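Text of final.txt (compact mmCIF, C-alpha atoms) as supplied:
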```
# COMPACT_ATOMS: atom_id res chain seq x y z
CA MET A 1447 26.91 -9.54 -39.21
CA LEU A 1448 23.20 -10.13 -38.65
CA LEU A 1449 21.30 -7.28 -37.01
CA LYS A 1450 18.97 -8.40 -34.25
CA HIS A 1451 16.20 -5.83 -34.44
CA ALA A 1452 12.91 -6.88 -32.87
CA ALA A 1453 10.77 -4.35 -34.69
CA MET A 1454 9.02 -5.41 -37.88
CA LEU A 1455 10.66 -3.52 -40.68
CA SER A 1456 7.93 -3.26 -43.29
CA VAL A 1457 7.88 -1.51 -46.61
CA ALA A 1458 4.78 -0.26 -48.34
CA GLY A 1459 4.93 0.64 -51.99
CA GLY A 1460 2.95 3.33 -53.76
CA GLY A 1461 3.94 6.14 -51.42
CA ARG A 1462 1.28 5.36 -48.78
CA SER A 1463 2.81 4.00 -45.61
CA ARG A 1464 2.53 4.11 -41.84
CA GLN A 1465 5.24 3.96 -39.19
CA THR A 1466 5.34 0.71 -37.22
CA ALA A 1467 6.61 1.34 -33.72
CA ALA A 1468 5.58 -1.80 -31.84
CA PRO A 1469 7.99 -4.75 -31.71
CA VAL A 1470 6.96 -7.75 -33.81
CA ALA A 1471 8.31 -11.27 -33.71
CA HIS A 1472 9.38 -11.65 -37.36
CA ALA A 1473 11.97 -9.00 -38.20
CA LEU A 1474 13.77 -9.00 -41.51
CA PRO A 1475 17.39 -9.83 -40.77
CA VAL A 1476 19.74 -7.50 -42.62
CA GLU A 1477 23.43 -8.05 -43.23
CA ARG A 1478 25.78 -5.05 -43.20
CA ALA A 1479 27.70 -4.50 -46.39
CA SER A 1480 29.94 -1.71 -45.09
CA GLU A 1481 33.11 -3.50 -46.22
CA ARG A 1482 31.92 -3.00 -49.81
CA GLY A 1483 31.27 0.74 -49.32
CA PHE A 1484 28.13 2.49 -50.52
CA LYS A 1485 27.91 0.86 -53.90
CA MET A 1486 24.33 0.45 -55.03
CA VAL A 1487 23.50 -3.23 -55.46
CA LYS A 1488 20.22 -4.72 -56.65
CA PHE A 1489 18.88 -7.87 -55.02
CA GLY A 1490 15.95 -9.89 -56.29
CA LEU A 1491 13.53 -11.72 -54.02
CA GLN A 1492 12.82 -15.05 -55.67
CA PHE A 1493 9.63 -16.90 -54.75
CA LYS A 1494 9.00 -20.62 -55.13
CA ALA A 1495 5.84 -22.62 -54.39
CA ALA A 1496 3.82 -25.58 -55.60
CA LEU A 1497 0.59 -24.26 -57.12
CA GLU A 1498 -2.61 -26.31 -57.29
CA ASN A 1499 -5.21 -24.97 -59.75
CA VAL A 1500 -4.20 -21.31 -59.21
CA THR A 1501 -2.13 -18.81 -61.13
CA ASN A 1502 -1.18 -15.12 -61.01
CA VAL A 1503 -0.03 -15.18 -57.37
CA ARG A 1504 1.00 -11.62 -56.58
CA PRO A 1505 1.19 -8.99 -53.88
CA LEU A 1506 -2.13 -7.17 -53.76
CA GLY A 1507 -2.17 -3.40 -54.14
CA GLU A 1508 0.42 -0.66 -54.36
CA ASP A 1509 0.67 -0.51 -50.57
CA PHE A 1510 1.66 -4.19 -50.16
CA ARG A 1511 4.11 -4.65 -47.28
CA TRP A 1512 7.33 -6.52 -47.98
CA PHE A 1513 8.21 -6.26 -44.27
CA LEU A 1514 11.35 -4.15 -44.61
CA LYS A 1515 10.47 -0.58 -43.51
CA GLU A 1516 8.38 2.41 -44.60
CA SER A 1517 9.55 5.05 -47.06
CA THR A 1518 11.84 7.56 -45.34
CA PRO A 1519 13.38 10.72 -46.84
CA LEU A 1520 17.14 10.54 -47.21
CA LYS A 1521 19.33 13.18 -45.58
CA GLY A 1522 20.56 15.90 -47.90
CA GLY A 1523 17.61 15.80 -50.31
CA ARG A 1524 18.76 12.63 -52.13
CA GLY A 1525 15.20 11.33 -52.52
CA ALA A 1526 13.50 8.59 -50.52
CA ALA A 1527 14.18 4.96 -49.69
CA SER A 1528 12.02 2.17 -48.35
CA MET A 1529 14.33 1.52 -45.43
CA VAL A 1530 17.02 3.80 -44.02
CA GLN A 1531 19.32 2.73 -41.23
CA LYS A 1532 22.01 4.93 -39.71
CA CYS A 1533 25.24 3.35 -38.46
CA LYS A 1534 25.77 4.26 -34.80
CA LEU A 1535 29.56 4.15 -35.21
CA CYS A 1536 30.14 6.19 -38.38
CA SER A 1537 26.73 7.90 -38.89
CA ARG A 1538 26.47 6.65 -42.50
CA GLU A 1539 22.96 6.10 -43.86
CA ASN A 1540 22.35 2.69 -45.42
CA SER A 1541 19.17 2.11 -47.40
CA ILE A 1542 16.92 -0.39 -49.19
CA ASP A 1543 14.39 0.77 -51.78
CA ILE A 1544 11.68 -1.28 -53.51
CA LEU A 1545 11.81 -1.05 -57.29
CA GLY A 1546 8.06 -0.98 -57.90
CA ASP A 1547 8.30 -1.56 -61.64
CA THR A 1548 9.99 -4.96 -61.02
CA ILE A 1549 7.06 -6.56 -59.15
CA MET A 1550 5.95 -9.70 -61.01
CA SER A 1551 3.28 -12.33 -60.46
CA TYR A 1552 4.03 -16.03 -59.94
CA ASN A 1553 2.08 -18.14 -62.44
CA ALA A 1554 1.08 -21.78 -62.91
CA GLU A 1555 3.97 -22.34 -65.35
CA ASP A 1556 6.39 -21.10 -62.65
CA SER A 1557 5.20 -23.71 -60.14
CA GLU A 1558 8.01 -25.35 -58.16
CA ARG A 1559 10.68 -23.08 -59.72
CA PHE A 1560 12.29 -19.93 -58.34
CA LYS A 1561 11.09 -16.71 -59.99
CA THR A 1562 12.03 -13.14 -59.07
CA MET A 1563 8.92 -11.34 -57.75
CA VAL A 1564 10.54 -8.00 -56.82
CA GLN A 1565 13.90 -6.27 -56.81
CA PHE A 1566 15.40 -4.04 -54.13
CA GLU A 1567 18.03 -1.32 -54.60
CA CYS A 1568 20.40 -1.62 -51.64
CA ARG A 1569 23.13 0.68 -50.34
CA GLY A 1570 25.16 -0.64 -47.42
CA LEU A 1571 22.57 -3.33 -46.53
CA GLN A 1572 21.67 -6.74 -47.86
CA PRO A 1573 18.36 -8.53 -47.23
CA VAL A 1574 18.87 -12.09 -46.01
CA ASP A 1575 15.36 -13.24 -45.06
CA PHE A 1576 11.73 -12.65 -46.00
CA GLN A 1577 8.56 -13.48 -44.08
CA PRO A 1578 5.50 -13.71 -46.35
CA GLN A 1579 2.34 -12.47 -44.67
CA ALA A 1580 -1.21 -11.59 -45.71
CA GLY A 1581 -1.89 -9.44 -48.73
CA PHE A 1582 -1.34 -11.83 -51.61
CA ALA A 1583 -3.93 -12.57 -54.30
CA ALA A 1584 -4.35 -15.26 -56.97
CA GLU A 1585 -6.81 -16.51 -59.56
CA GLY A 1586 -8.23 -19.92 -60.38
CA ALA A 1587 -6.14 -21.41 -63.20
CA GLU A 1588 -9.19 -22.69 -65.13
CA SER A 1589 -12.03 -20.54 -63.80
CA GLY A 1590 -10.43 -17.14 -63.27
CA THR A 1591 -12.04 -17.04 -59.79
CA LYS A 1592 -10.45 -14.26 -57.74
CA PHE A 1593 -8.85 -15.14 -54.41
CA PRO A 1594 -8.03 -11.67 -53.01
CA GLU A 1595 -7.06 -12.36 -49.39
CA ILE A 1596 -4.29 -14.94 -49.27
CA ASN A 1597 -2.14 -15.23 -46.16
CA LEU A 1598 1.16 -17.07 -46.74
CA GLN A 1599 2.52 -16.72 -43.22
CA GLU A 1600 2.19 -20.49 -42.67
CA LYS A 1601 3.90 -21.18 -46.04
CA ASP A 1602 0.73 -22.96 -47.27
CA TRP A 1603 -2.76 -21.80 -48.28
CA THR A 1604 -5.80 -23.75 -49.41
CA ASP A 1605 -9.32 -22.90 -50.57
CA TYR A 1606 -12.07 -24.26 -52.83
CA ASP A 1607 -13.01 -22.98 -56.29
CA GLU A 1608 -16.77 -23.43 -56.53
CA LYS A 1609 -16.91 -22.53 -60.25
CA VAL A 1610 -14.97 -25.68 -61.20
CA SER A 1611 -15.60 -27.75 -58.04
CA GLU A 1612 -11.94 -28.31 -57.18
CA SER A 1613 -9.52 -27.48 -54.41
CA VAL A 1614 -6.90 -24.78 -54.92
CA GLY A 1615 -3.72 -24.15 -53.01
CA ILE A 1616 -0.26 -22.69 -52.67
CA TYR A 1617 2.14 -25.05 -50.90
CA GLU A 1618 5.75 -25.22 -49.69
CA VAL A 1619 6.40 -21.47 -50.08
CA THR A 1620 10.08 -20.67 -49.95
CA HIS A 1621 12.36 -17.88 -51.14
CA GLN A 1622 15.91 -16.84 -51.85
CA PHE A 1623 17.68 -13.58 -52.62
CA ILE A 1624 19.85 -13.20 -55.70
CA LYS A 1625 22.15 -10.42 -56.84
CA CYS A 1626 20.73 -8.80 -59.98
```
Full structure transcribed into structure tokens:
Amino acid sequence: MLLKHAAMLSVAGGGRSRQTAAPVAHALPVERASERGFKMVKFGLQFKAALENVTNVRPLGEDFRWFLKESTPLKGGRGAASMVQKCKLCSRENSIDILGDTIMSYNAEDSERFKTMVQFECRGLQPVDFQPQAGFAAEGAESGTKFPEINLQEKDWTDYDEKVSESVGIYEVTHQFIKC
């Protein structure tokens, strides 16, 4: 079953996060996994793009938003999760947590191949879509020029590297989730 929430469910890593109350057009669809119980399952978000003269594409900063939901304490002192959702029928808490130590950059040698950029620990929920936004960074493959404000919402990004007088870009951004 696909939940039809209109609010943007965003997750910020690094412990610094803000609540997002206003509805946003691109929600992260989440599939219930209640038939499988509360087993913890890890899912990896795999990223794929064609890179032109750039490398080290990565989320920028510890407070990068993966657009799931902010960190919320779990009931009963069981720690914290990046997204907690309570079932209205049975009152069970389902959660998704970002595994910060799994965040990887996407490099020139990864171009046009799927590579896991981050993993999520999921209990009772399964991510089924991802909407890249602003907050990515990259470097010039030859020059090392920093490109710190990349917005991938349109699935393409282009710029110009003045150090080596060539265009740079990230094209045809796509993703998939895999079970880890």
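When CA of Val1487 (chain A) is paired with CA of Ile1544 (chain A), their separation reads 12.1 Å.
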Show which residues sit within 9 Å of Glu1600 (chain A), as a short mmCIF file (atom, residue, chain, number, x, y, z; two decimals) with C-alpha atoms, keeping the file's coordinate frame. Count all atoms listed in the file, and ignore same-chain residues fewer than 2 positions away.
```cif
data_model
loop_
_atom_site.label_atom_id
_atom_site.label_comp_id
_atom_site.auth_asym_id
_atom_site.auth_seq_id
_atom_site.Cartn_x
_atom_site.Cartn_y
_atom_site.Cartn_z
CA PRO A 1578 5.50 -13.71 -46.35
CA GLN A 1579 2.34 -12.47 -44.67
CA ASN A 1597 -2.14 -15.23 -46.16
CA LEU A 1598 1.16 -17.07 -46.74
CA ASP A 1602 0.73 -22.96 -47.27
CA TRP A 1603 -2.76 -21.80 -48.28
CA VAL A 1619 6.40 -21.47 -50.08
#
```
| message | Using Å and a single decimal, report how far CA of Glu1555 (chain A) sits from CA of Ala1580 (chain A). | response | 23.0 Å
| task | Would you work out the distance separating CA of Phe1560 (chain A) from CA of Asp1543 (chain A), expressed in Å to one decimal? | result | 21.8 Å
| task | Identify, on the basis of all atoms listed in the file, every residue whose closest approach to region 1566-1569 of chain A does not exceed 6 Å; exclude the query and any residue fewer than 5 positions from it along the same chain; express the result as a list in words. | result | Phe1484, Lys1485, Met1486, Val1487, Lys1488, Phe1489, Asn1540, Ser1541, Ile1542, Asp1543, Ile1544 and Leu1545 of chain A
Name the residues in contact with Phe1582 (chain A) at a cut-off of 12 Å, using only C-alpha atoms, excluding same-chain residues fewer than 4 positions from it; report them as an mmCIF file with C-alpha atoms, in the coordinates of the input.
```cif
data_model
loop_
_atom_site.group_PDB
_atom_site.id
_atom_site.type_symbol
_atom_site.label_atom_id
_atom_site.label_comp_id
_atom_site.auth_asym_id
_atom_site.auth_seq_id
_atom_site.Cartn_x
_atom_site.Cartn_y
_atom_site.Cartn_z
ATOM 1 C CA THR A 1501 -2.130 -18.810 -61.130
ATOM 2 C CA ASN A 1502 -1.180 -15.120 -61.010
ATOM 3 C CA VAL A 1503 -0.030 -15.180 -57.370
ATOM 4 C CA ARG A 1504 1.000 -11.620 -56.580
ATOM 5 C CA PRO A 1505 1.190 -8.990 -53.880
ATOM 6 C CA LEU A 1506 -2.130 -7.170 -53.760
ATOM 7 C CA GLY A 1507 -2.170 -3.400 -54.140
ATOM 8 C CA GLU A 1508 0.420 -0.660 -54.360
ATOM 9 C CA ASP A 1509 0.670 -0.510 -50.570
ATOM 10 C CA PHE A 1510 1.660 -4.190 -50.160
ATOM 11 C CA ARG A 1511 4.110 -4.650 -47.280
ATOM 12 C CA TRP A 1512 7.330 -6.520 -47.980
ATOM 13 C CA SER A 1551 3.280 -12.330 -60.460
ATOM 14 C CA TYR A 1552 4.030 -16.030 -59.940
ATOM 15 C CA MET A 1563 8.920 -11.340 -57.750
ATOM 16 C CA PRO A 1578 5.500 -13.710 -46.350
ATOM 17 C CA LYS A 1592 -10.450 -14.260 -57.740
ATOM 18 C CA PHE A 1593 -8.850 -15.140 -54.410
ATOM 19 C CA PRO A 1594 -8.030 -11.670 -53.010
ATOM 20 C CA GLU A 1595 -7.060 -12.360 -49.390
ATOM 21 C CA ILE A 1596 -4.290 -14.940 -49.270
ATOM 22 C CA ASN A 1597 -2.140 -15.230 -46.160
ATOM 23 C CA LEU A 1598 1.160 -17.070 -46.740
ATOM 24 C CA GLN A 1599 2.520 -16.720 -43.220
ATOM 25 C CA TRP A 1603 -2.760 -21.800 -48.280
ATOM 26 C CA ILE A 1616 -0.260 -22.690 -52.670
#
```
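Here the question is which of A:Phe1576, A:Phe1493, A:Tyr1617, A:Tyr1606 gets nearest to Met1550 (chain A) using only C-alpha atoms, and that residue is A:Phe1493.
Of the listed residues A:Ile1624, A:Cys1533, A:Val1614, A:Val1500, the one whose atoms come nearest to Gly1570 (chain A) is A:Cys1533, with distances taken using only C-alpha atoms.
Here the question is which of A:Val1564, A:Ala1554, A:Cys1536, A:Ala1496 gets nearest to Gly1615 (chain A) using all atoms listed in the file, and that residue is A:Ala1496.
Across A:Glu1539, A:Asp1575, A:Asp1607, A:Glu1558, the tightest approach to Ala1587 (chain A) is made by A:Asp1607 when counting only C-alpha atoms.
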| said: Considering all atoms listed in the file, can you say which of A:Lys1494, A:Val1610, A:Glu1618, A:Lys1625 comes closest to Asp1556 (chain A)? | reply: A:Lys1494
